[in-house]
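Asks: Structure file final_17.txt (compact mmCIF, C-alpha atoms (C1' of nucleotides)) right here:
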```
# COMPACT_ATOMS: atom_id res chain seq x y z
CA MET X 1 106.41 94.88 71.82
CA ASP X 2 109.68 95.75 73.41
CA THR X 3 108.76 94.16 76.67
CA PRO X 4 111.74 92.24 77.89
CA ALA X 5 109.68 89.72 79.80
CA MET X 6 110.78 89.10 83.33
CA THR X 7 112.61 86.01 84.29
CA ARG X 8 110.86 83.22 86.09
CA ARG X 9 112.43 84.14 89.39
CA GLN X 10 111.46 87.76 89.03
CA LEU X 11 107.94 86.77 88.18
CA ARG X 12 107.78 84.55 91.20
CA ALA X 13 108.87 87.34 93.52
CA TRP X 14 106.49 89.81 91.93
CA ILE X 15 103.46 87.55 92.01
CA ARG X 16 104.00 86.74 95.63
CA LEU X 17 104.60 90.36 96.54
CA ARG X 18 101.42 91.25 94.77
CA ALA X 19 99.50 88.73 96.81
CA VAL X 20 100.96 90.19 99.99
CA LEU X 21 100.00 93.67 98.82
CA GLU X 22 96.45 92.46 98.47
CA LEU X 23 96.10 90.44 101.63
CA LEU X 24 98.22 92.09 104.30
CA PRO X 25 96.51 95.46 104.46
CA ASP X 26 93.13 93.77 104.70
CA ALA X 27 94.33 91.52 107.47
CA LEU X 28 95.67 94.37 109.57
CA ASP X 29 92.79 96.68 108.85
CA GLY X 30 90.30 93.97 109.61
CA GLN X 31 91.78 93.27 113.01
CA LEU X 32 91.61 96.92 114.04
CA ARG X 33 88.10 97.40 112.72
CA ARG X 34 86.80 94.37 114.51
CA ASP X 35 88.62 94.80 117.79
CA SER X 36 88.81 98.57 118.13
CA GLY X 37 86.44 100.10 115.60
CA ILE X 38 89.06 102.16 113.83
CA THR X 39 90.81 101.77 110.52
CA GLU X 40 94.48 101.09 110.25
CA PHE X 41 95.02 104.53 108.82
CA GLU X 42 93.17 106.14 111.70
CA TYR X 43 95.35 104.15 114.06
CA LEU X 44 98.42 105.43 112.26
CA VAL X 45 97.26 109.00 112.64
CA LEU X 46 96.61 108.56 116.33
CA ALA X 47 99.97 106.86 116.78
CA MET X 48 101.82 109.66 115.05
CA LEU X 49 100.12 112.28 117.14
CA SER X 50 100.97 110.35 120.26
CA GLU X 51 104.65 110.48 119.41
CA ALA X 52 104.62 114.22 118.83
CA PRO X 53 105.26 116.71 121.63
CA GLY X 54 101.96 117.56 123.28
CA GLY X 55 100.18 114.98 121.18
CA ALA X 56 99.73 117.61 118.49
CA LEU X 57 101.02 118.04 114.95
CA ARG X 58 100.35 120.40 112.11
CA MET X 59 97.99 119.02 109.51
CA SER X 60 100.52 119.31 106.73
CA GLU X 61 103.24 117.63 108.71
CA LEU X 62 100.90 114.89 109.78
CA ALA X 63 99.86 114.33 106.19
CA ARG X 64 103.46 114.06 105.12
CA GLN X 65 104.36 111.54 107.79
CA ALA X 66 101.29 109.44 107.19
CA ILE X 67 101.84 109.48 103.41
CA ALA X 68 98.43 111.01 102.92
CA THR X 69 97.23 113.76 100.63
CA PRO X 70 95.88 116.85 102.41
CA PRO X 71 92.27 116.08 101.44
CA ARG X 72 92.51 112.57 102.75
CA LEU X 73 93.98 113.68 106.04
CA SER X 74 91.40 116.40 106.40
CA HIS X 75 88.58 113.90 106.00
CA VAL X 76 90.14 111.47 108.43
CA VAL X 77 90.71 114.11 111.06
CA SER X 78 87.13 115.23 110.64
CA ARG X 79 85.96 111.71 111.33
CA LEU X 80 88.20 111.37 114.35
CA GLU X 81 87.04 114.75 115.56
CA ARG X 82 83.41 113.71 115.26
CA ARG X 83 84.20 110.77 117.48
CA GLY X 84 86.00 112.97 119.96
CA LEU X 85 89.40 111.33 119.54
CA VAL X 86 91.12 114.38 118.10
CA GLU X 87 90.55 118.11 118.09
CA ARG X 88 91.63 120.89 115.76
CA VAL X 89 93.37 123.84 117.32
CA PRO X 90 94.95 126.86 115.64
CA SER X 91 98.66 126.28 115.43
CA THR X 92 100.56 127.89 118.25
CA GLU X 93 103.36 128.84 115.91
CA ARG X 94 102.78 129.59 112.30
CA SER X 95 99.68 131.65 111.90
CA ARG X 96 97.85 130.14 109.00
CA ALA X 97 98.28 126.59 110.21
CA THR X 98 96.11 124.13 112.07
CA ASP X 99 97.18 121.52 114.58
CA ALA X 100 95.48 118.23 115.18
CA ARG X 101 95.71 117.22 118.82
CA LEU X 102 94.87 114.00 120.63
CA THR X 103 92.12 114.30 123.20
CA GLY X 104 91.94 112.28 126.38
CA ASP X 105 89.63 109.84 124.67
CA GLY X 106 92.09 109.70 121.79
CA TRP X 107 94.91 108.65 124.09
CA GLU X 108 92.68 106.07 125.66
CA GLN X 109 91.55 104.70 122.33
CA LEU X 110 95.11 104.36 121.14
CA ARG X 111 96.20 102.74 124.38
CA SER X 112 93.47 100.18 124.12
CA ALA X 113 93.97 99.46 120.44
CA ALA X 114 97.74 99.19 120.46
CA PRO X 115 98.31 95.73 121.93
CA GLY X 116 96.02 94.01 119.48
CA HIS X 117 97.48 95.81 116.53
CA VAL X 118 101.06 95.14 117.51
CA ALA X 119 100.17 91.52 118.02
CA ALA X 120 98.68 91.40 114.53
CA VAL X 121 101.81 92.89 113.01
CA ARG X 122 103.92 90.36 114.84
CA GLN X 123 101.70 87.53 113.76
CA HIS X 124 101.53 88.46 110.11
CA VAL X 125 104.90 90.03 109.50
CA VAL X 126 107.52 89.52 112.15
CA ASP X 127 106.94 86.03 113.41
CA PRO X 128 106.95 84.25 110.05
CA LEU X 129 110.40 85.65 109.31
CA SER X 130 113.83 84.81 110.62
CA ASP X 131 115.95 87.60 112.11
CA GLU X 132 117.97 87.54 108.95
CA GLN X 133 114.91 87.88 106.78
CA VAL X 134 113.71 90.83 108.84
CA ASP X 135 116.89 92.67 107.98
CA GLN X 136 116.66 91.59 104.36
CA LEU X 137 113.13 92.91 104.26
CA ALA X 138 114.24 96.25 105.64
CA ALA X 139 116.89 96.50 102.94
CA ILE X 140 114.53 95.45 100.17
CA ALA X 141 111.76 97.81 101.25
CA GLY X 142 114.34 100.55 101.55
CA ALA X 143 115.47 99.95 98.00
CA LEU X 144 111.93 100.07 96.69
CA LEU X 145 111.21 103.26 98.58
CA GLY X 146 114.15 104.82 96.83
CA ARG X 147 112.06 104.67 93.66
CA LEU X 148 108.64 105.14 95.13
CA ASP X 149 109.52 108.12 97.24
CA PRO X 150 112.52 109.64 95.51
CA ASP X 151 112.07 113.01 97.14
CA GLY X 152 112.15 111.28 100.48
CA ALA X 153 108.94 113.06 101.32
CA MET X 154 108.27 110.70 104.11
CA ALA X 155 111.87 109.76 104.67
CA GLY X 156 111.75 111.21 108.14
CA THR X 157 109.33 108.50 109.08
CA TYR X 158 110.83 105.40 107.69
CA THR X 159 114.44 106.22 108.30
CA ARG X 160 113.90 106.89 111.97
CA TYR X 161 115.03 103.42 112.86
CA ASP X 162 117.95 103.20 110.53
CA ASP X 163 121.27 101.85 111.62
CA PRO X 164 119.96 100.08 114.64
CA ALA X 165 122.17 100.50 117.63
CA SER X 166 120.14 98.36 119.97
CA SER X 167 118.58 94.95 119.60
CA MET T 168 99.99 95.71 128.67
CA ASP T 169 101.56 92.48 127.62
CA THR T 170 102.80 93.91 124.38
CA PRO T 171 106.34 92.74 123.94
CA ALA T 172 107.41 95.75 121.95
CA MET T 173 109.23 94.96 118.76
CA THR T 174 112.92 95.39 118.48
CA ARG T 175 114.37 98.33 116.66
CA ARG T 176 115.26 96.21 113.65
CA GLN T 177 111.81 94.72 113.47
CA LEU T 178 110.27 98.14 113.69
CA ARG T 179 112.49 99.39 110.92
CA ALA T 180 111.46 96.56 108.62
CA TRP T 181 107.80 96.98 109.46
CA ILE T 182 107.72 100.73 109.01
CA ARG T 183 109.38 100.49 105.64
CA LEU T 184 107.15 97.67 104.53
CA ARG T 185 104.17 99.72 105.57
CA ALA T 186 105.36 102.60 103.42
CA VAL T 187 105.73 100.25 100.46
CA LEU T 188 102.25 98.90 101.10
CA GLU T 189 100.96 102.44 100.86
CA LEU T 190 102.93 103.69 97.89
CA LEU T 191 103.47 100.77 95.55
CA PRO T 192 99.84 99.96 94.72
CA ASP T 193 99.16 103.62 93.99
CA ALA T 194 102.18 103.85 91.74
CA LEU T 195 101.20 100.82 89.69
CA ASP T 196 97.54 101.64 89.59
CA GLY T 197 98.27 105.21 88.61
CA GLN T 198 100.37 104.19 85.65
CA LEU T 199 97.68 101.92 84.28
CA ARG T 200 94.93 104.45 84.83
CA ARG T 201 96.83 107.20 83.08
CA ASP T 202 98.24 105.21 80.22
CA SER T 203 95.51 102.66 79.58
CA GLY T 204 92.41 103.76 81.40
CA ILE T 205 92.05 100.61 83.45
CA THR T 206 92.75 99.83 87.08
CA GLU T 207 95.44 97.43 88.13
CA PHE T 208 92.81 95.00 89.32
CA GLU T 209 91.03 95.13 85.99
CA TYR T 210 94.35 94.48 84.31
CA LEU T 211 94.87 91.49 86.55
CA VAL T 212 91.49 90.09 85.60
CA LEU T 213 92.17 90.53 81.90
CA ALA T 214 95.60 88.97 82.30
CA MET T 215 94.23 85.93 84.08
CA LEU T 216 91.60 85.40 81.46
CA SER T 217 94.22 85.68 78.77
CA GLU T 218 96.18 82.83 80.32
CA ALA T 219 93.18 80.55 80.52
CA PRO T 220 92.20 78.24 77.66
CA GLY T 221 89.85 80.07 75.32
CA GLY T 222 90.36 83.28 77.27
CA ALA T 223 87.54 82.22 79.56
CA LEU T 224 87.28 81.30 83.20
CA ARG T 225 84.49 80.58 85.62
CA MET T 226 83.61 83.52 87.83
CA SER T 227 84.35 81.65 91.01
CA GLU T 228 87.69 80.41 89.76
CA LEU T 229 88.60 83.85 88.53
CA ALA T 230 87.70 85.36 91.88
CA ARG T 231 89.88 82.85 93.67
CA GLN T 232 92.88 83.49 91.48
CA ALA T 233 92.51 87.24 91.67
CA ILE T 234 92.05 87.13 95.46
CA ALA T 235 88.72 88.85 95.11
CA THR T 236 85.43 88.25 96.84
CA PRO T 237 82.59 87.18 94.55
CA PRO T 238 80.81 90.53 94.86
CA ARG T 239 83.92 92.44 93.96
CA LEU T 240 84.60 90.31 90.94
CA SER T 241 81.01 90.53 89.81
CA HIS T 242 81.13 94.32 89.86
CA VAL T 243 84.44 94.44 88.05
CA VAL T 244 83.28 92.06 85.34
CA SER T 245 80.14 94.16 84.93
CA ARG T 246 82.30 97.23 84.35
CA LEU T 247 84.51 95.41 81.90
CA GLU T 248 81.45 94.06 80.16
CA ARG T 249 79.99 97.53 79.82
CA ARG T 250 83.18 98.58 78.09
CA GLY T 251 83.08 95.57 75.82
CA LEU T 252 86.30 94.02 77.06
CA VAL T 253 84.72 90.91 78.51
CA GLU T 254 81.50 89.00 78.05
CA ARG T 255 79.55 86.68 80.29
CA VAL T 256 78.65 83.32 78.83
CA PRO T 257 76.95 80.36 80.47
CA SER T 258 79.60 77.88 81.45
CA THR T 259 80.08 75.18 78.90
CA GLU T 260 80.55 72.62 81.63
CA ARG T 261 78.88 72.95 84.97
CA SER T 262 75.36 74.10 84.47
CA ARG T 263 74.81 76.71 87.15
CA ALA T 264 78.06 78.47 86.46
CA THR T 265 79.03 81.53 84.44
CA ASP T 266 82.19 82.10 82.47
CA ALA T 267 83.82 85.42 81.86
CA ARG T 268 85.47 85.53 78.46
CA LEU T 269 87.78 88.04 76.84
CA THR T 270 86.40 89.71 73.76
CA GLY T 271 88.49 90.82 70.82
CA ASP T 272 88.62 94.29 72.26
CA GLY T 273 89.66 92.78 75.56
CA TRP T 274 92.61 91.02 73.99
CA GLU T 275 93.55 94.22 72.26
CA GLN T 276 93.27 96.29 75.41
CA LEU T 277 95.45 93.87 77.32
CA ARG T 278 98.00 93.73 74.53
CA SER T 279 98.29 97.48 74.49
CA ALA T 280 98.41 97.90 78.26
CA ALA T 281 100.90 95.16 79.01
CA PRO T 282 104.21 96.75 78.02
CA GLY T 283 103.66 99.82 80.13
CA HIS T 284 102.55 97.85 83.12
CA VAL T 285 105.43 95.41 82.93
CA ALA T 286 107.79 98.33 82.61
CA ALA T 287 106.30 99.89 85.73
CA VAL T 288 106.74 96.69 87.68
CA ARG T 289 110.31 96.45 86.54
CA GLN T 290 110.95 100.05 87.44
CA HIS T 291 109.41 99.95 90.88
CA VAL T 292 110.12 96.41 92.00
CA VAL T 293 112.61 94.45 89.97
CA ASP T 294 115.20 96.98 88.95
CA PRO T 295 115.92 98.41 92.39
CA LEU T 296 116.78 94.94 93.68
CA SER T 297 119.76 92.70 93.13
CA ASP T 298 119.19 89.18 91.85
CA GLU T 299 119.84 87.96 95.33
CA GLN T 300 117.29 90.31 96.80
CA VAL T 301 114.71 89.19 94.28
CA ASP T 302 115.04 85.66 95.58
CA GLN T 303 115.01 86.85 99.17
CA LEU T 304 111.84 88.76 98.45
CA ALA T 305 110.22 85.67 97.00
CA ALA T 306 111.10 83.73 100.14
CA ILE T 307 109.93 86.47 102.47
CA ALA T 308 106.65 87.02 100.65
CA GLY T 309 106.16 83.27 100.59
CA ALA T 310 106.60 83.11 104.35
CA LEU T 311 104.10 85.90 104.90
CA LEU T 312 101.59 84.25 102.62
CA GLY T 313 101.82 81.17 104.76
CA ARG T 314 100.04 83.17 107.45
CA LEU T 315 97.90 85.39 105.29
CA ASP T 316 96.53 82.63 103.12
CA PRO T 317 96.81 79.53 105.26
CA ASP T 318 94.27 77.59 103.25
CA GLY T 319 96.32 78.29 100.18
CA ALA T 320 93.17 79.58 98.58
CA MET T 321 95.13 81.30 95.93
CA ALA T 322 98.15 79.08 96.20
CA GLY T 323 97.65 77.96 92.64
CA THR T 324 98.49 81.41 91.50
CA TYR T 325 101.51 82.33 93.46
CA THR T 326 103.17 78.97 93.48
CA ARG T 327 103.05 78.63 89.75
CA TYR T 328 106.58 79.85 89.42
CA ASP T 329 108.05 77.94 92.30
CA ASP T 330 111.31 76.15 92.01
CA PRO T 331 112.47 78.01 88.95
CA ALA T 332 114.05 75.72 86.45
CA SER T 333 114.99 78.41 83.97
CA SER T 334 116.67 81.76 84.37
C1' DA C 335 56.60 64.96 91.39
C1' DG C 336 57.36 67.90 95.51
C1' DC C 337 60.40 69.96 98.86
C1' DG C 338 64.26 71.68 101.17
C1' DG C 339 69.21 72.56 100.79
C1' DT C 340 72.97 74.45 98.66
C1' DA C 341 76.00 76.19 95.09
C1' DG C 342 76.97 80.21 92.24
C1' DG C 343 76.31 84.95 91.42
C1' DT C 344 74.19 89.45 91.67
C1' DT C 345 72.38 93.66 93.77
C1' DG C 346 72.09 97.41 97.19
C1' DT C 347 74.08 100.19 100.75
C1' DT C 348 77.73 102.25 103.07
C1' DG C 349 82.22 104.23 103.75
C1' DC C 350 86.61 105.59 102.27
C1' DG C 351 90.17 107.65 98.96
C1' DA C 352 91.30 110.44 94.65
C1' DC C 353 90.98 114.45 92.26
C1' DA C 354 89.64 118.96 91.46
C1' DA C 355 87.73 123.18 92.74
C1' DC C 356 87.29 126.37 96.19
C1' DT C 357 87.99 129.50 100.55
C1' DG C 358 90.45 132.27 103.64
C1' DA C 359 94.41 134.27 105.27
C1' DT C 360 99.21 135.83 104.87
C1' DG C 361 102.91 138.02 102.53
C1' DA C 362 105.07 140.56 98.65
C1' DT C 363 105.20 144.49 95.38
C1' DG C 364 104.58 148.57 93.02
C1' DC Y 365 98.02 150.60 100.97
C1' DA Y 366 95.80 148.17 97.18
C1' DT Y 367 96.37 144.35 94.48
C1' DC Y 368 97.97 140.01 93.45
C1' DA Y 369 100.16 135.64 94.39
C1' DT Y 370 100.74 131.80 97.45
C1' DC Y 371 100.11 128.89 101.24
C1' DA Y 372 97.21 125.80 104.23
C1' DG Y 373 93.35 123.46 104.48
C1' DT Y 374 88.47 122.22 103.34
C1' DT Y 375 84.54 120.78 100.58
C1' DG Y 376 82.15 118.33 96.88
C1' DT Y 377 81.83 114.75 93.49
C1' DC Y 378 82.92 110.38 91.73
C1' DG Y 379 84.53 105.60 91.60
C1' DC Y 380 85.64 101.44 93.88
C1' DA Y 381 85.55 97.73 97.66
C1' DA Y 382 83.27 95.51 101.78
C1' DC Y 383 79.50 93.49 103.66
C1' DA Y 384 75.20 91.69 103.84
C1' DA Y 385 71.06 90.42 101.83
C1' DC Y 386 69.09 88.35 98.20
C1' DC Y 387 67.75 85.42 94.08
C1' DT Y 388 67.60 81.52 91.20
C1' DA Y 389 68.81 77.21 89.29
C1' DC Y 390 70.27 72.69 90.28
C1' DC Y 391 70.46 68.52 93.24
C1' DG Y 392 69.15 64.92 96.47
C1' DC Y 393 65.61 62.67 98.91
C1' DT Y 394 61.36 60.55 99.73
```
Take the structure I supplied and represent it as structure tokens, if you would.
Replies:
Amino acid sequence: MDTPAMTRRQLRAWIRLRAVLELLPDALDGQLRRDSGITEFEYLVLAMLSEAPGGALRMSELARQAIATPPRLSHVVSRLERRGLVERVPSTERSRATDARLTGDGWEQLRSAAPGHVAAVRQHVVDPLSDEQVDQLAAIAGALLGRLDPDGAMAGTYTRYDDPASS
Amino acid sequence: MDTPAMTRRQLRAWIRLRAVLELLPDALDGQLRRDSGITEFEYLVLAMLSEAPGGALRMSELARQAIATPPRLSHVVSRLERRGLVERVPSTERSRATDARLTGDGWEQLRSAAPGHVAAVRQHVVDPLSDEQVDQLAAIAGALLGRLDPDGAMAGTYTRYDDPASS
DNA sequence: AGCGGTAGGTTGTTGCGACAACTGATGATG
DNA sequence: CATCATCAGTTGTCGCAACAACCTACCGCT
């Protein structure tokens, strides 16, 4: 087979990355489930809404930013709606669109879940790395995203902090 | 709240890593599903068996190496068994143990799936990075695993290629 | 031998994501 | 102004993973 086997160093990087891919999401998701009763993806949705004007965003835009397919987002919003954290409202602008909007309980839930989640991210991702490695990681992840998301579908999200001016 | 917000650079690295965490597994899994009809995890199981003597491994050992819980592995092996790629045999050694062993079809399936999968890994992970970045990635992932897998439960797997002597 | 403890796996239930099919509403076109 | 295409989102079905409960065979101990 014309499989130009990877070098030992490449294999090492890949195998370790694979392990991270397996373990890290579970670690972060587990913390949120245990401590706040929401999934990491639900947290992400709430967080994105909280950063939007009025705490509301169109479903399609929200899906794009959260890297979710429309069906997936629809299901998630339905769950959040059932729990009273989010509500669907007809979009104020475009006619055939729907906005998801944070409710009061949604804001409260996010506020109470945030510290623990941020702490988990620090613990598992930021703290183990040197400042230099943090920047290296940003560059590496950026390079990978160039292939994974060539259309830059979600570029708006992950390029927001490019070219850091502060700290 | 005593949440010492992350710096802009840390946020940038985290947000990009998160996007990779979301997209990369889907990309790799999708390729294998389309081209070979198996999931990436099933591929991993077959690959690990193929590297073991006799193409067989104890369930518990296999679970450890694949970072899977026993229930998960049991289900996966059952699926593979149903498709004739793997068979369960009583462990030759320890009495109350079970080995999973690759069948002829299993070897064949792995052989035919490997080139495409390796190519996908190259395309999405190795090729976008410089040699230097590959090593940085190995170091970074290693640091994260120090927290994620403190007991080194699966250390045997991802340290196998440490301290590269060749290439 | 008999009895509990434990190692090693399996099964059953639940919840989430993927994919595909569908619905409803807007906009274009002759 | 009637029809058709398209956009935005939802619903329904299926497969997989998590978690917990369970089951059975071995082992040690007396």
Asks: Using every C-alpha atom paired in order, could you least-squares fit chain T onto chain X and give me the moved chain as a CSV table (one decimal) with C-alpha atoms, in the frame of the given file?
Replies:
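To be explicit, this is the file written out as part_25.csv:
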```
chain,number,residue,atom,x,y,z
T,168,MET,CA,106.5,94.8,71.8
T,169,ASP,CA,109.8,95.7,73.4
T,170,THR,CA,108.8,94.2,76.7
T,171,PRO,CA,111.7,92.2,77.9
T,172,ALA,CA,109.7,89.7,79.8
T,173,MET,CA,110.8,89.1,83.3
T,174,THR,CA,112.6,86.0,84.3
T,175,ARG,CA,110.9,83.2,86.1
T,176,ARG,CA,112.4,84.1,89.4
T,177,GLN,CA,111.5,87.7,89.0
T,178,LEU,CA,107.9,86.8,88.2
T,179,ARG,CA,107.8,84.5,91.2
T,180,ALA,CA,108.9,87.3,93.5
T,181,TRP,CA,106.5,89.8,91.9
T,182,ILE,CA,103.5,87.5,92.0
T,183,ARG,CA,104.0,86.7,95.6
T,184,LEU,CA,104.6,90.3,96.5
T,185,ARG,CA,101.4,91.2,94.8
T,186,ALA,CA,99.5,88.7,96.8
T,187,VAL,CA,101.0,90.2,100.0
T,188,LEU,CA,100.0,93.7,98.8
T,189,GLU,CA,96.5,92.5,98.5
T,190,LEU,CA,96.1,90.4,101.6
T,191,LEU,CA,98.2,92.1,104.3
T,192,PRO,CA,96.5,95.5,104.5
T,193,ASP,CA,93.1,93.8,104.7
T,194,ALA,CA,94.3,91.5,107.5
T,195,LEU,CA,95.7,94.4,109.6
T,196,ASP,CA,92.8,96.7,108.8
T,197,GLY,CA,90.3,94.0,109.6
T,198,GLN,CA,91.8,93.3,113.0
T,199,LEU,CA,91.6,96.9,114.0
T,200,ARG,CA,88.1,97.4,112.7
T,201,ARG,CA,86.8,94.4,114.5
T,202,ASP,CA,88.6,94.8,117.8
T,203,SER,CA,88.8,98.6,118.1
T,204,GLY,CA,86.4,100.1,115.6
T,205,ILE,CA,89.1,102.2,113.8
T,206,THR,CA,90.8,101.8,110.5
T,207,GLU,CA,94.5,101.1,110.3
T,208,PHE,CA,95.0,104.5,108.8
T,209,GLU,CA,93.2,106.2,111.7
T,210,TYR,CA,95.3,104.2,114.0
T,211,LEU,CA,98.4,105.4,112.2
T,212,VAL,CA,97.3,109.0,112.6
T,213,LEU,CA,96.6,108.6,116.3
T,214,ALA,CA,100.0,106.9,116.8
T,215,MET,CA,101.8,109.7,115.0
T,216,LEU,CA,100.1,112.3,117.1
T,217,SER,CA,101.0,110.3,120.2
T,218,GLU,CA,104.7,110.5,119.4
T,219,ALA,CA,104.6,114.2,118.8
T,220,PRO,CA,105.3,116.7,121.6
T,221,GLY,CA,102.0,117.6,123.3
T,222,GLY,CA,100.2,115.0,121.2
T,223,ALA,CA,99.7,117.6,118.5
T,224,LEU,CA,101.0,118.0,115.0
T,225,ARG,CA,100.4,120.4,112.1
T,226,MET,CA,98.0,119.0,109.5
T,227,SER,CA,100.5,119.3,106.7
T,228,GLU,CA,103.2,117.6,108.7
T,229,LEU,CA,100.9,114.9,109.8
T,230,ALA,CA,99.9,114.3,106.2
T,231,ARG,CA,103.5,114.0,105.1
T,232,GLN,CA,104.3,111.5,107.8
T,233,ALA,CA,101.3,109.4,107.2
T,234,ILE,CA,101.8,109.5,103.4
T,235,ALA,CA,98.4,111.0,102.9
T,236,THR,CA,97.2,113.8,100.6
T,237,PRO,CA,95.9,116.8,102.4
T,238,PRO,CA,92.3,116.1,101.4
T,239,ARG,CA,92.5,112.6,102.8
T,240,LEU,CA,94.0,113.7,106.0
T,241,SER,CA,91.4,116.4,106.4
T,242,HIS,CA,88.6,113.9,106.0
T,243,VAL,CA,90.1,111.5,108.4
T,244,VAL,CA,90.7,114.1,111.1
T,245,SER,CA,87.1,115.3,110.6
T,246,ARG,CA,85.9,111.7,111.4
T,247,LEU,CA,88.2,111.4,114.4
T,248,GLU,CA,87.0,114.8,115.6
T,249,ARG,CA,83.4,113.8,115.3
T,250,ARG,CA,84.2,110.8,117.5
T,251,GLY,CA,86.0,113.0,120.0
T,252,LEU,CA,89.4,111.4,119.6
T,253,VAL,CA,91.1,114.4,118.1
T,254,GLU,CA,90.6,118.1,118.1
T,255,ARG,CA,91.6,120.9,115.8
T,256,VAL,CA,93.4,123.8,117.3
T,257,PRO,CA,95.0,126.8,115.7
T,258,SER,CA,98.7,126.3,115.5
T,259,THR,CA,100.5,127.8,118.3
T,260,GLU,CA,103.3,128.8,116.0
T,261,ARG,CA,102.7,129.6,112.4
T,262,SER,CA,99.6,131.6,112.0
T,263,ARG,CA,97.8,130.1,109.1
T,264,ALA,CA,98.3,126.6,110.2
T,265,THR,CA,96.1,124.1,112.1
T,266,ASP,CA,97.2,121.5,114.6
T,267,ALA,CA,95.5,118.2,115.2
T,268,ARG,CA,95.7,117.2,118.8
T,269,LEU,CA,94.9,114.0,120.6
T,270,THR,CA,92.1,114.3,123.2
T,271,GLY,CA,92.0,112.3,126.4
T,272,ASP,CA,89.6,109.9,124.7
T,273,GLY,CA,92.1,109.7,121.8
T,274,TRP,CA,94.9,108.7,124.1
T,275,GLU,CA,92.7,106.1,125.7
T,276,GLN,CA,91.5,104.7,122.3
T,277,LEU,CA,95.1,104.4,121.1
T,278,ARG,CA,96.2,102.8,124.4
T,279,SER,CA,93.5,100.2,124.1
T,280,ALA,CA,94.0,99.5,120.4
T,281,ALA,CA,97.7,99.2,120.4
T,282,PRO,CA,98.3,95.7,121.9
T,283,GLY,CA,96.0,94.0,119.5
T,284,HIS,CA,97.5,95.8,116.5
T,285,VAL,CA,101.1,95.2,117.5
T,286,ALA,CA,100.2,91.5,118.0
T,287,ALA,CA,98.7,91.4,114.5
T,288,VAL,CA,101.8,92.9,113.0
T,289,ARG,CA,103.9,90.4,114.8
T,290,GLN,CA,101.7,87.6,113.8
T,291,HIS,CA,101.5,88.5,110.1
T,292,VAL,CA,104.9,90.0,109.5
T,293,VAL,CA,107.5,89.6,112.1
T,294,ASP,CA,106.9,86.1,113.4
T,295,PRO,CA,106.9,84.3,110.1
T,296,LEU,CA,110.4,85.7,109.3
T,297,SER,CA,113.8,84.8,110.6
T,298,ASP,CA,115.9,87.6,112.1
T,299,GLU,CA,118.0,87.5,109.0
T,300,GLN,CA,114.9,87.9,106.8
T,301,VAL,CA,113.7,90.8,108.8
T,302,ASP,CA,116.9,92.7,108.0
T,303,GLN,CA,116.7,91.6,104.4
T,304,LEU,CA,113.1,92.9,104.2
T,305,ALA,CA,114.2,96.2,105.6
T,306,ALA,CA,116.9,96.5,102.9
T,307,ILE,CA,114.5,95.4,100.2
T,308,ALA,CA,111.8,97.8,101.2
T,309,GLY,CA,114.3,100.5,101.5
T,310,ALA,CA,115.5,99.9,98.0
T,311,LEU,CA,111.9,100.1,96.7
T,312,LEU,CA,111.2,103.3,98.6
T,313,GLY,CA,114.2,104.8,96.8
T,314,ARG,CA,112.1,104.7,93.7
T,315,LEU,CA,108.6,105.1,95.1
T,316,ASP,CA,109.5,108.1,97.2
T,317,PRO,CA,112.5,109.7,95.5
T,318,ASP,CA,112.1,113.0,97.1
T,319,GLY,CA,112.2,111.3,100.5
T,320,ALA,CA,108.9,113.1,101.3
T,321,MET,CA,108.3,110.7,104.1
T,322,ALA,CA,111.9,109.8,104.6
T,323,GLY,CA,111.7,111.2,108.1
T,324,THR,CA,109.3,108.5,109.1
T,325,TYR,CA,110.9,105.4,107.7
T,326,THR,CA,114.5,106.2,108.3
T,327,ARG,CA,113.9,106.9,111.9
T,328,TYR,CA,115.0,103.4,112.9
T,329,ASP,CA,118.0,103.2,110.5
T,330,ASP,CA,121.3,101.9,111.6
T,331,PRO,CA,119.9,100.1,114.7
T,332,ALA,CA,122.2,100.6,117.6
T,333,SER,CA,120.2,98.4,120.0
T,334,SER,CA,118.7,94.9,119.6
```
Asks: Would you be able to write out as a VMD selection string which residues have an atom within 12 Å of (79.0, 97.3, 109.0) in the file's coordinates, counting all atoms listed in the file?
Replies: (chain X and resid 30 33 to 34 37) or (chain C and resid 347 to 349) or (chain Y and resid 382 to 384)
Asks: Could you please select, counting all atoms listed in the file, the residues of chain X within 12 Å of chain C and state them as a list in words?
Replies: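 The contacting residues on chain X are Thr39, Phe41, Glu42, Ala68, Thr69, Pro70, Pro71, Arg72, Leu73, Ser74, His75, Val76, Arg79, Arg94, Ser95, Arg96 and Ala97 of chain X.
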Asks: Please identify all residues of chain T having at least one atom at most 7 Å from any atom of chain X, considering only C-alpha atoms, and return them as a PyMOL selection string.
Replies: chain T and resi 168+170+174-177+179-180+182-184+187-188+190-191+282+291-293+295-296+300-302+304-305+307-312+314-315+325+328-329+331+333-334
Asks: Residues within 12 Å of Gln109 of chain X, please, as a VMD selection string. Count all atoms listed in the file; anything in the same chain fewer than 4 positions from it doesn't count.
Replies: chain X and resid 32 35 to 38 42 to 43 46 to 47 50 80 83 to 86 102 to 105 113 to 116
Asks: Taking only residues of chain Y that have an atom at most 8 Å from an atom of chain T, what is each one's shortest atom pair and its distance in Å to one decimal, using all atoms listed in the file, in chain and number order, as a tab-separated table?
Replies:
```
residue	atom	partner	partner_atom	distance
Y:DA381	C1'	T:Arg239	CA	6.7
Y:DA389	C1'	T:Arg263	CA	6.4
Y:DC390	C1'	T:Arg263	CA	6.8
```
Asks: If I take atom CA of Arg225 of chain T and atom CA of Val256 of chain T, how far is one from the other in Å, to one decimal?
Replies: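 Interatomic distance here is 9.4 Å.
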